[in-house]
Amino acid sequence: LQTRRCELTCEGEFSAFLSIKFEKDETLLTLMQLALIKKVITTIGMQSCKGNWTPTMQVGFGSDEDGDTMMEMWNYWSIVGMLLFLSTNMHPDIAFAIGQVA
């Protein structure tokens, strides 16, 4: 860009850009979106949940025609959208589970 007469300033190393946190060591660059993950967890009220290496059961979900009506106070589609964004941009490991709930 400098060869096209754009004025650029080198600000040195950065640790975050567009809500993505970057951590770098000699061999690995790690990207994280902790703020969005925390927003989802807080919105749905799961601050005390425990982590799991497998984000879902290994079989597909069936429909429950006689099941209880959803009574949550948060917007289901908004949360699914945020999780879809995370699964396509940072966490492909949750893509199957998010596809199931979508």
# chains A, B, ... in the order shown; residues from 1 in each chain; ligands from 1
>>> select_by_dssp(residues="chain A", states="helix (DSSP H, G or I)", output="PDB file with C-alpha atoms, in the first residue's frame")
ATOM      1  CA  GLN A   2       2.894   2.361   0.650  1.00  0.00           C
ATOM      2  CA  THR A   3       4.011   1.970  -2.988  1.00  0.00           C
ATOM      3  CA  ARG A   4       0.587   3.328  -3.990  1.00  0.00           C
ATOM      4  CA  LEU A  34     -13.916 -14.656  24.112  1.00  0.00           C
ATOM      5  CA  ALA A  35     -16.169 -11.588  24.234  1.00  0.00           C
ATOM      6  CA  LEU A  36     -18.772 -13.172  21.921  1.00  0.00           C
ATOM      7  CA  ILE A  37     -18.588 -16.505  23.728  1.00  0.00           C
ATOM      8  CA  LYS A  38     -19.093 -14.758  27.081  1.00  0.00           C
ATOM      9  CA  LYS A  39     -22.016 -12.774  25.611  1.00  0.00           C
ATOM     10  CA  VAL A  40     -23.772 -15.982  24.502  1.00  0.00           C
ATOM     11  CA  ILE A  41     -23.180 -17.699  27.853  1.00  0.00           C
ATOM     12  CA  THR A  42     -24.381 -14.670  29.828  1.00  0.00           C
ATOM     13  CA  THR A  43     -27.439 -14.111  27.611  1.00  0.00           C
ATOM     14  CA  TYR A  76     -33.297 -18.253  20.269  1.00  0.00           C
ATOM     15  CA  TRP A  77     -32.495 -17.254  16.685  1.00  0.00           C
ATOM     16  CA  SER A  78     -30.123 -14.516  17.795  1.00  0.00           C
ATOM     17  CA  ILE A  79     -28.148 -16.969  19.931  1.00  0.00           C
ATOM     18  CA  VAL A  80     -28.098 -19.556  17.120  1.00  0.00           C
ATOM     19  CA  GLY A  81     -26.834 -16.847  14.750  1.00  0.00           C
ATOM     20  CA  MET A  82     -23.988 -15.904  17.089  1.00  0.00           C
ATOM     21  CA  LEU A  83     -23.068 -19.567  17.498  1.00  0.00           C
ATOM     22  CA  LEU A  84     -23.185 -20.106  13.716  1.00  0.00           C
ATOM     23  CA  PHE A  85     -20.806 -17.163  13.318  1.00  0.00           C
ATOM     24  CA  LEU A  86     -18.437 -18.693  15.879  1.00  0.00           C
ATOM     25  CA  SER A  87     -18.642 -22.140  14.272  1.00  0.00           C
ATOM     26  CA  THR A  88     -17.795 -20.865  10.788  1.00  0.00           C
ATOM     27  CA  ASN A  89     -15.101 -18.391  11.813  1.00  0.00           C
ATOM     28  CA  PRO A  92     -15.495 -25.578  13.527  1.00  0.00           C
ATOM     29  CA  ASP A  93     -15.585 -28.125  16.364  1.00  0.00           C
ATOM     30  CA  ILE A  94     -19.094 -26.939  17.319  1.00  0.00           C
ATOM     31  CA  ALA A  95     -20.466 -26.801  13.750  1.00  0.00           C
ATOM     32  CA  PHE A  96     -22.353 -30.115  13.938  1.00  0.00           C
ATOM     33  CA  ALA A  97     -24.003 -29.231  17.267  1.00  0.00           C
ATOM     34  CA  ILE A  98     -25.002 -25.767  16.064  1.00  0.00           C
ATOM     35  CA  GLY A  99     -26.370 -27.242  12.844  1.00  0.00           C
ATOM     36  CA  GLN A 100     -28.541 -29.536  14.933  1.00  0.00           C
ATOM     37  CA  VAL A 101     -30.058 -26.711  16.978  1.00  0.00           C
TER      38      VAL A 101
END
>>> select_by_dssp(residues="chain A", states="strand (DSSP E or B)", output="list in words")
Ala16, Phe17, Ile20, Lys21, Phe22, Glu23, Lys24, Leu29, Thr30, Leu31 and Met32 of chain A
>>> write_last_selection(atoms="all heavy atoms", output="CSV table (one decimal), in the first residue's frame")
chain,number,residue,atom,x,y,z
A,16,ALA,N,-5.5,-7.5,19.8
A,16,ALA,CA,-6.9,-7.7,19.4
A,16,ALA,C,-7.2,-6.9,18.2
A,16,ALA,O,-6.7,-5.8,18.0
A,16,ALA,CB,-7.7,-7.4,20.6
A,17,PHE,N,-8.2,-7.4,17.4
A,17,PHE,CA,-8.7,-6.7,16.3
A,17,PHE,C,-10.1,-7.2,16.0
A,17,PHE,O,-10.3,-8.4,15.9
A,17,PHE,CB,-7.7,-6.9,15.1
A,17,PHE,CG,-8.2,-6.2,13.8
A,17,PHE,CD1,-8.0,-4.8,13.8
A,17,PHE,CD2,-8.7,-6.8,12.8
A,17,PHE,CE1,-8.4,-4.1,12.6
A,17,PHE,CE2,-9.1,-6.1,11.6
A,17,PHE,CZ,-8.9,-4.8,11.6
A,20,ILE,N,-11.4,-10.0,18.1
A,20,ILE,CA,-10.7,-11.2,18.0
A,20,ILE,C,-9.3,-11.0,18.7
A,20,ILE,O,-8.6,-10.1,18.4
A,20,ILE,CB,-10.4,-11.7,16.5
A,20,ILE,CG1,-11.7,-11.8,15.8
A,20,ILE,CG2,-9.6,-12.9,16.5
A,20,ILE,CD1,-11.5,-12.1,14.3
A,21,LYS,N,-9.1,-11.8,19.7
A,21,LYS,CA,-7.9,-11.8,20.5
A,21,LYS,C,-6.8,-12.7,19.9
A,21,LYS,O,-7.1,-13.8,19.5
A,21,LYS,CB,-8.1,-12.2,21.9
A,21,LYS,CG,-6.9,-12.1,22.8
A,21,LYS,CD,-7.2,-12.5,24.2
A,21,LYS,CE,-6.0,-12.4,25.1
A,21,LYS,NZ,-6.2,-12.9,26.4
A,22,PHE,N,-5.6,-12.2,19.7
A,22,PHE,CA,-4.5,-12.9,19.1
A,22,PHE,C,-3.5,-13.2,20.2
A,22,PHE,O,-3.1,-12.3,20.9
A,22,PHE,CB,-3.8,-12.1,18.0
A,22,PHE,CG,-4.7,-11.8,16.9
A,22,PHE,CD1,-5.6,-10.7,16.9
A,22,PHE,CD2,-4.7,-12.6,15.7
A,22,PHE,CE1,-6.4,-10.5,15.8
A,22,PHE,CE2,-5.5,-12.3,14.6
A,22,PHE,CZ,-6.4,-11.2,14.7
A,23,GLU,N,-3.0,-14.5,20.2
A,23,GLU,CA,-1.9,-14.8,21.1
A,23,GLU,C,-0.9,-15.6,20.2
A,23,GLU,O,-1.3,-16.4,19.4
A,23,GLU,CB,-2.3,-15.7,22.2
A,23,GLU,CG,-3.1,-15.0,23.3
A,23,GLU,CD,-3.5,-15.9,24.4
A,23,GLU,OE1,-3.1,-17.1,24.4
A,23,GLU,OE2,-4.2,-15.4,25.3
A,24,LYS,N,0.4,-15.2,20.3
A,24,LYS,CA,1.4,-15.8,19.4
A,24,LYS,C,2.6,-16.3,20.2
A,24,LYS,O,3.0,-15.6,21.1
A,24,LYS,CB,1.8,-14.7,18.4
A,24,LYS,CG,2.9,-15.2,17.4
A,24,LYS,CD,3.2,-14.0,16.5
A,24,LYS,CE,4.3,-14.5,15.6
A,24,LYS,NZ,4.8,-13.4,14.7
A,29,LEU,N,-0.1,-19.4,16.3
A,29,LEU,CA,-0.9,-18.2,16.4
A,29,LEU,C,-2.3,-18.6,16.8
A,29,LEU,O,-3.0,-19.4,16.1
A,29,LEU,CB,-1.0,-17.4,15.1
A,29,LEU,CG,-1.8,-16.2,15.1
A,29,LEU,CD1,-1.3,-15.1,16.1
A,29,LEU,CD2,-1.9,-15.6,13.7
A,30,THR,N,-2.8,-18.2,17.9
A,30,THR,CA,-4.1,-18.6,18.4
A,30,THR,C,-5.1,-17.4,18.3
A,30,THR,O,-4.7,-16.3,18.7
A,30,THR,CB,-4.1,-19.0,19.9
A,30,THR,OG1,-3.1,-20.1,20.0
A,30,THR,CG2,-5.4,-19.5,20.4
A,31,LEU,N,-6.3,-17.6,17.7
A,31,LEU,CA,-7.3,-16.6,17.6
A,31,LEU,C,-8.5,-17.0,18.5
A,31,LEU,O,-8.9,-18.1,18.5
A,31,LEU,CB,-7.8,-16.5,16.2
A,31,LEU,CG,-6.7,-16.4,15.1
A,31,LEU,CD1,-7.3,-16.4,13.7
A,31,LEU,CD2,-5.9,-15.1,15.3
A,32,MET,N,-9.0,-16.0,19.3
A,32,MET,CA,-10.1,-16.3,20.2
A,32,MET,C,-11.1,-15.2,20.1
A,32,MET,O,-10.7,-14.0,19.9
A,32,MET,CB,-9.6,-16.4,21.6
A,32,MET,CG,-8.6,-17.6,21.8
A,32,MET,SD,-7.9,-17.5,23.4
A,32,MET,CE,-6.6,-16.3,23.2
>>> atom_distance(atom1="CA of Asp25 in chain A", atom2="CA of Glu11 in chain A")
19.3 Å
>>> atom_distance(atom1="CA of Gly67 in chain A", atom2="CA of Ala102 in chain A")
17.4 Å
